[in-house]
Amino acid sequence: DIKREEKELKESKLLYEILLDSPGDSIFLMDYDGNIVMVNEAVAKRFGYTKEDMIGKNIKDLLDPELVKSRRKYLRKVFETNEKVEFEDKRNGRSYHNWIYPLDEGEGLDKVAVFSQDITQRKKTEKAVHESEEKYRMIFENCGVPMMFIDEDSTISMVNHEFEKETGYRRDEIEGKMSFPKIIATKEDKRMMLEYHRLRRINEDYAPKSYEFQYQDKAGNVKDAITRVTMEPKSKK
């Protein structure tokens with residue numbers, strides 16, 4: 001039994017070492033008091049120590065007081081619930097996504113594994129995309145002409161305010177619910193526009209970019225219109 005336990009302990013330690021030496025993310029093991037038990041190279045490099053020098057250090061020696069307070073809160077939660085926690089925080093101007101996992105080796109929970117991933121670039125990208133989307137939506141809403149996005153199955157996925165005003169439909173009656181042929185006034189125009197819709201998804205140049213048609217607003221009035229159609233890059237819209 002003693003030999004079996006020693007073998008399992010060695011295997012467990014080897015598993016930790018393999019895990020800790022995986023490239024990329026910062027990974028370390030920590031006890032209830034916040035003392036570091038094991039670390040990988042990424043953690044040591046991030047804090048400017050060797051792996052050996054990191055052992056025995058407490059998180060209060062490495063992080064600012066507010067961050068230590070926050071980390072201790074999550075640490076206590078893991079020890080109290082024996083369940084992982086996941087959260088984001090910032091250190092030295094960089095953003096991190098963190099996971100804390102309980103490690104119970106059969107003798108009660110005495111340590112946790114902390115995974116920390118630098119997500120600074122991802123956050124910057126998400127912010128840039130969000131800002132771009134906001135600018136795009138502002139132009140879409142204030143361009144002064146009716147506009148709509150049509151999905152591959154002919155469902156209208158998005159309309160602007162001018163489209164609501166011209167057709168009399170509210171966007172909550174249209175978006176994701178109405179197929180664009182419903183507002184086309186004549187059978188001939190419906191057939192024509194559905195065929196263009198099909199051809200355009202084979203090759204954008206197979207269908208004319210601009211043409212005339214008639215549509216019918218919510219009140220039943222038939223109106224003449226000229227449309228210009230373009231495909232959204234890298235999509236079927």
# chains A, B, ... in the order shown; residues from 1 in each chain; ligands from 1

call {"tool": "residues_around", "arguments": {"residues": "Asp205 (chain A)", "least_positions_apart": "5", "cutoff": "10 Å", "atoms": "only C-alpha atoms", "output": "JSON, numbers by chain"}}
result
{"A": [199, 200, 230]}

call {"tool": "residues_around", "arguments": {"residues": "region 164-171 of chain A", "least_positions_apart": "4", "cutoff": "12 Å", "atoms": "only C-alpha atoms", "output": "PyMOL selection string"}}
result
chain A and resi 141+144-149+156-160+175-178+180+182-184+214-225

call {"tool": "write_last_selection", "arguments": {"atoms": "C-alpha atoms", "output": "mmCIF file, in the first residue's frame"}}
result
data_model
loop_
_atom_site.group_PDB
_atom_site.id
_atom_site.type_symbol
_atom_site.label_atom_id
_atom_site.label_comp_id
_atom_site.auth_asym_id
_atom_site.auth_seq_id
_atom_site.Cartn_x
_atom_site.Cartn_y
_atom_site.Cartn_z
ATOM 1 C CA GLU A 141 -29.368 54.549 -39.300
ATOM 2 C CA GLY A 144 -31.321 59.178 -45.269
ATOM 3 C CA VAL A 145 -32.512 56.311 -47.505
ATOM 4 C CA PRO A 146 -34.296 53.023 -46.665
ATOM 5 C CA MET A 147 -31.845 50.174 -46.099
ATOM 6 C CA MET A 148 -32.187 46.519 -45.187
ATOM 7 C CA PHE A 149 -30.036 43.405 -44.777
ATOM 8 C CA ILE A 156 -34.930 40.524 -43.567
ATOM 9 C CA SER A 157 -32.421 40.588 -40.715
ATOM 10 C CA MET A 158 -32.005 44.330 -40.187
ATOM 11 C CA VAL A 159 -33.656 47.571 -41.327
ATOM 12 C CA ASN A 160 -32.989 51.224 -40.597
ATOM 13 C CA GLU A 175 -36.334 41.813 -38.415
ATOM 14 C CA GLY A 176 -35.888 38.062 -38.316
ATOM 15 C CA LYS A 177 -39.591 37.541 -39.065
ATOM 16 C CA MET A 178 -40.439 38.818 -42.548
ATOM 17 C CA PHE A 180 -38.490 40.429 -48.317
ATOM 18 C CA LYS A 182 -43.775 39.908 -48.767
ATOM 19 C CA ILE A 183 -43.438 43.639 -49.396
ATOM 20 C CA ILE A 184 -42.952 43.319 -53.187
ATOM 21 C CA GLN A 214 -42.676 48.193 -56.877
ATOM 22 C CA TYR A 215 -43.323 47.539 -53.202
ATOM 23 C CA GLN A 216 -46.397 47.701 -51.025
ATOM 24 C CA ASP A 217 -46.345 49.431 -47.654
ATOM 25 C CA LYS A 218 -48.214 48.284 -44.552
ATOM 26 C CA ALA A 219 -51.247 50.407 -45.469
ATOM 27 C CA GLY A 220 -51.487 48.732 -48.885
ATOM 28 C CA ASN A 221 -50.114 51.606 -50.936
ATOM 29 C CA VAL A 222 -48.061 50.572 -53.985
ATOM 30 C CA LYS A 223 -44.893 52.623 -54.447
ATOM 31 C CA ASP A 224 -42.178 52.763 -57.114
ATOM 32 C CA ALA A 225 -38.584 52.294 -56.025
#

call {"tool": "closest_residue", "arguments": {"among": "A:Thr120, A:Ala185, A:Pro65, A:Ile36", "to": "Asp53 (chain A)", "atoms": "only C-alpha atoms"}}
result
A:Ile36

call {"tool": "select_by_dssp", "arguments": {"residues": "region 142-191 of chain A", "states": "strand (DSSP E)", "output": "PyMOL selection string"}}
result
chain A and resi 148-150+156-159

call {"tool": "write_last_selection", "arguments": {"atoms": "N, CA, C and O atoms", "output": "mmCIF file, in the first residue's frame"}}
result
data_model
loop_
_atom_site.group_PDB
_atom_site.id
_atom_site.type_symbol
_atom_site.label_atom_id
_atom_site.label_comp_id
_atom_site.auth_asym_id
_atom_site.auth_seq_id
_atom_site.Cartn_x
_atom_site.Cartn_y
_atom_site.Cartn_z
ATOM 1 N N MET A 148 -31.903 47.774 -45.886
ATOM 2 C CA MET A 148 -32.187 46.519 -45.187
ATOM 3 C C MET A 148 -31.104 45.502 -45.498
ATOM 4 O O MET A 148 -30.451 45.565 -46.540
ATOM 5 N N PHE A 149 -30.895 44.556 -44.560
ATOM 6 C CA PHE A 149 -30.036 43.405 -44.777
ATOM 7 C C PHE A 149 -30.930 42.197 -44.989
ATOM 8 O O PHE A 149 -31.911 42.001 -44.251
ATOM 9 N N ILE A 150 -30.598 41.379 -45.985
ATOM 10 C CA ILE A 150 -31.404 40.197 -46.293
ATOM 11 C C ILE A 150 -30.528 38.954 -46.160
ATOM 12 O O ILE A 150 -29.449 38.871 -46.767
ATOM 13 N N ILE A 156 -35.505 39.197 -43.842
ATOM 14 C CA ILE A 156 -34.930 40.524 -43.567
ATOM 15 C C ILE A 156 -34.361 40.515 -42.150
ATOM 16 O O ILE A 156 -35.098 40.326 -41.183
ATOM 17 N N SER A 157 -33.053 40.687 -42.033
ATOM 18 C CA SER A 157 -32.421 40.588 -40.715
ATOM 19 C C SER A 157 -32.243 41.926 -40.024
ATOM 20 O O SER A 157 -32.143 41.998 -38.801
ATOM 21 N N MET A 158 -32.201 43.022 -40.807
ATOM 22 C CA MET A 158 -32.005 44.330 -40.187
ATOM 23 C C MET A 158 -32.530 45.421 -41.127
ATOM 24 O O MET A 158 -32.365 45.333 -42.342
ATOM 25 N N VAL A 159 -33.198 46.412 -40.551
ATOM 26 C CA VAL A 159 -33.656 47.571 -41.327
ATOM 27 C C VAL A 159 -33.290 48.837 -40.560
ATOM 28 O O VAL A 159 -33.058 48.799 -39.348
#

call {"tool": "select_by_dssp", "arguments": {"residues": "region 186-236 of chain A", "states": "alpha helix (DSSP H)", "output": "PyMOL selection string"}}
result
chain A and resi 187-200

call {"tool": "write_last_selection", "arguments": {"atoms": "C-alpha atoms", "output": "JSON list (two decimals), in the first residue's frame"}}
result
[["chain", "number", "residue", "atom", "x", "y", "z"],
["A", 187, "LYS", "CA", -45.68, 38.68, -58.94],
["A", 188, "GLU", "CA", -43.32, 39.62, -61.76],
["A", 189, "ASP", "CA", -41.11, 41.69, -59.45],
["A", 190, "LYS", "CA", -41.15, 38.94, -56.81],
["A", 191, "ARG", "CA", -39.97, 36.33, -59.35],
["A", 192, "MET", "CA", -37.34, 38.70, -60.69],
["A", 193, "MET", "CA", -35.96, 39.67, -57.28],
["A", 194, "LEU", "CA", -35.90, 36.10, -55.95],
["A", 195, "GLU", "CA", -33.99, 35.00, -59.04],
["A", 196, "TYR", "CA", -31.51, 37.85, -58.61],
["A", 197, "HIS", "CA", -31.22, 36.88, -54.94],
["A", 198, "ARG", "CA", -30.33, 33.30, -55.95],
["A", 199, "LEU", "CA", -27.87, 34.29, -58.68],
["A", 200, "ARG", "CA", -26.12, 36.82, -56.49]]

call {"tool": "closest_residue", "arguments": {"among": "A:Arg72, A:Glu66, A:Val114, A:Ile27", "to": "Lys84 (chain A)", "atoms": "only C-alpha atoms"}}
result
A:Val114

call {"tool": "closest_residue", "arguments": {"among": "A:Lys60, A:Arg71, A:Arg201, A:Lys237", "to": "Ile100 (chain A)", "atoms": "only C-alpha atoms"}}
result
A:Arg71
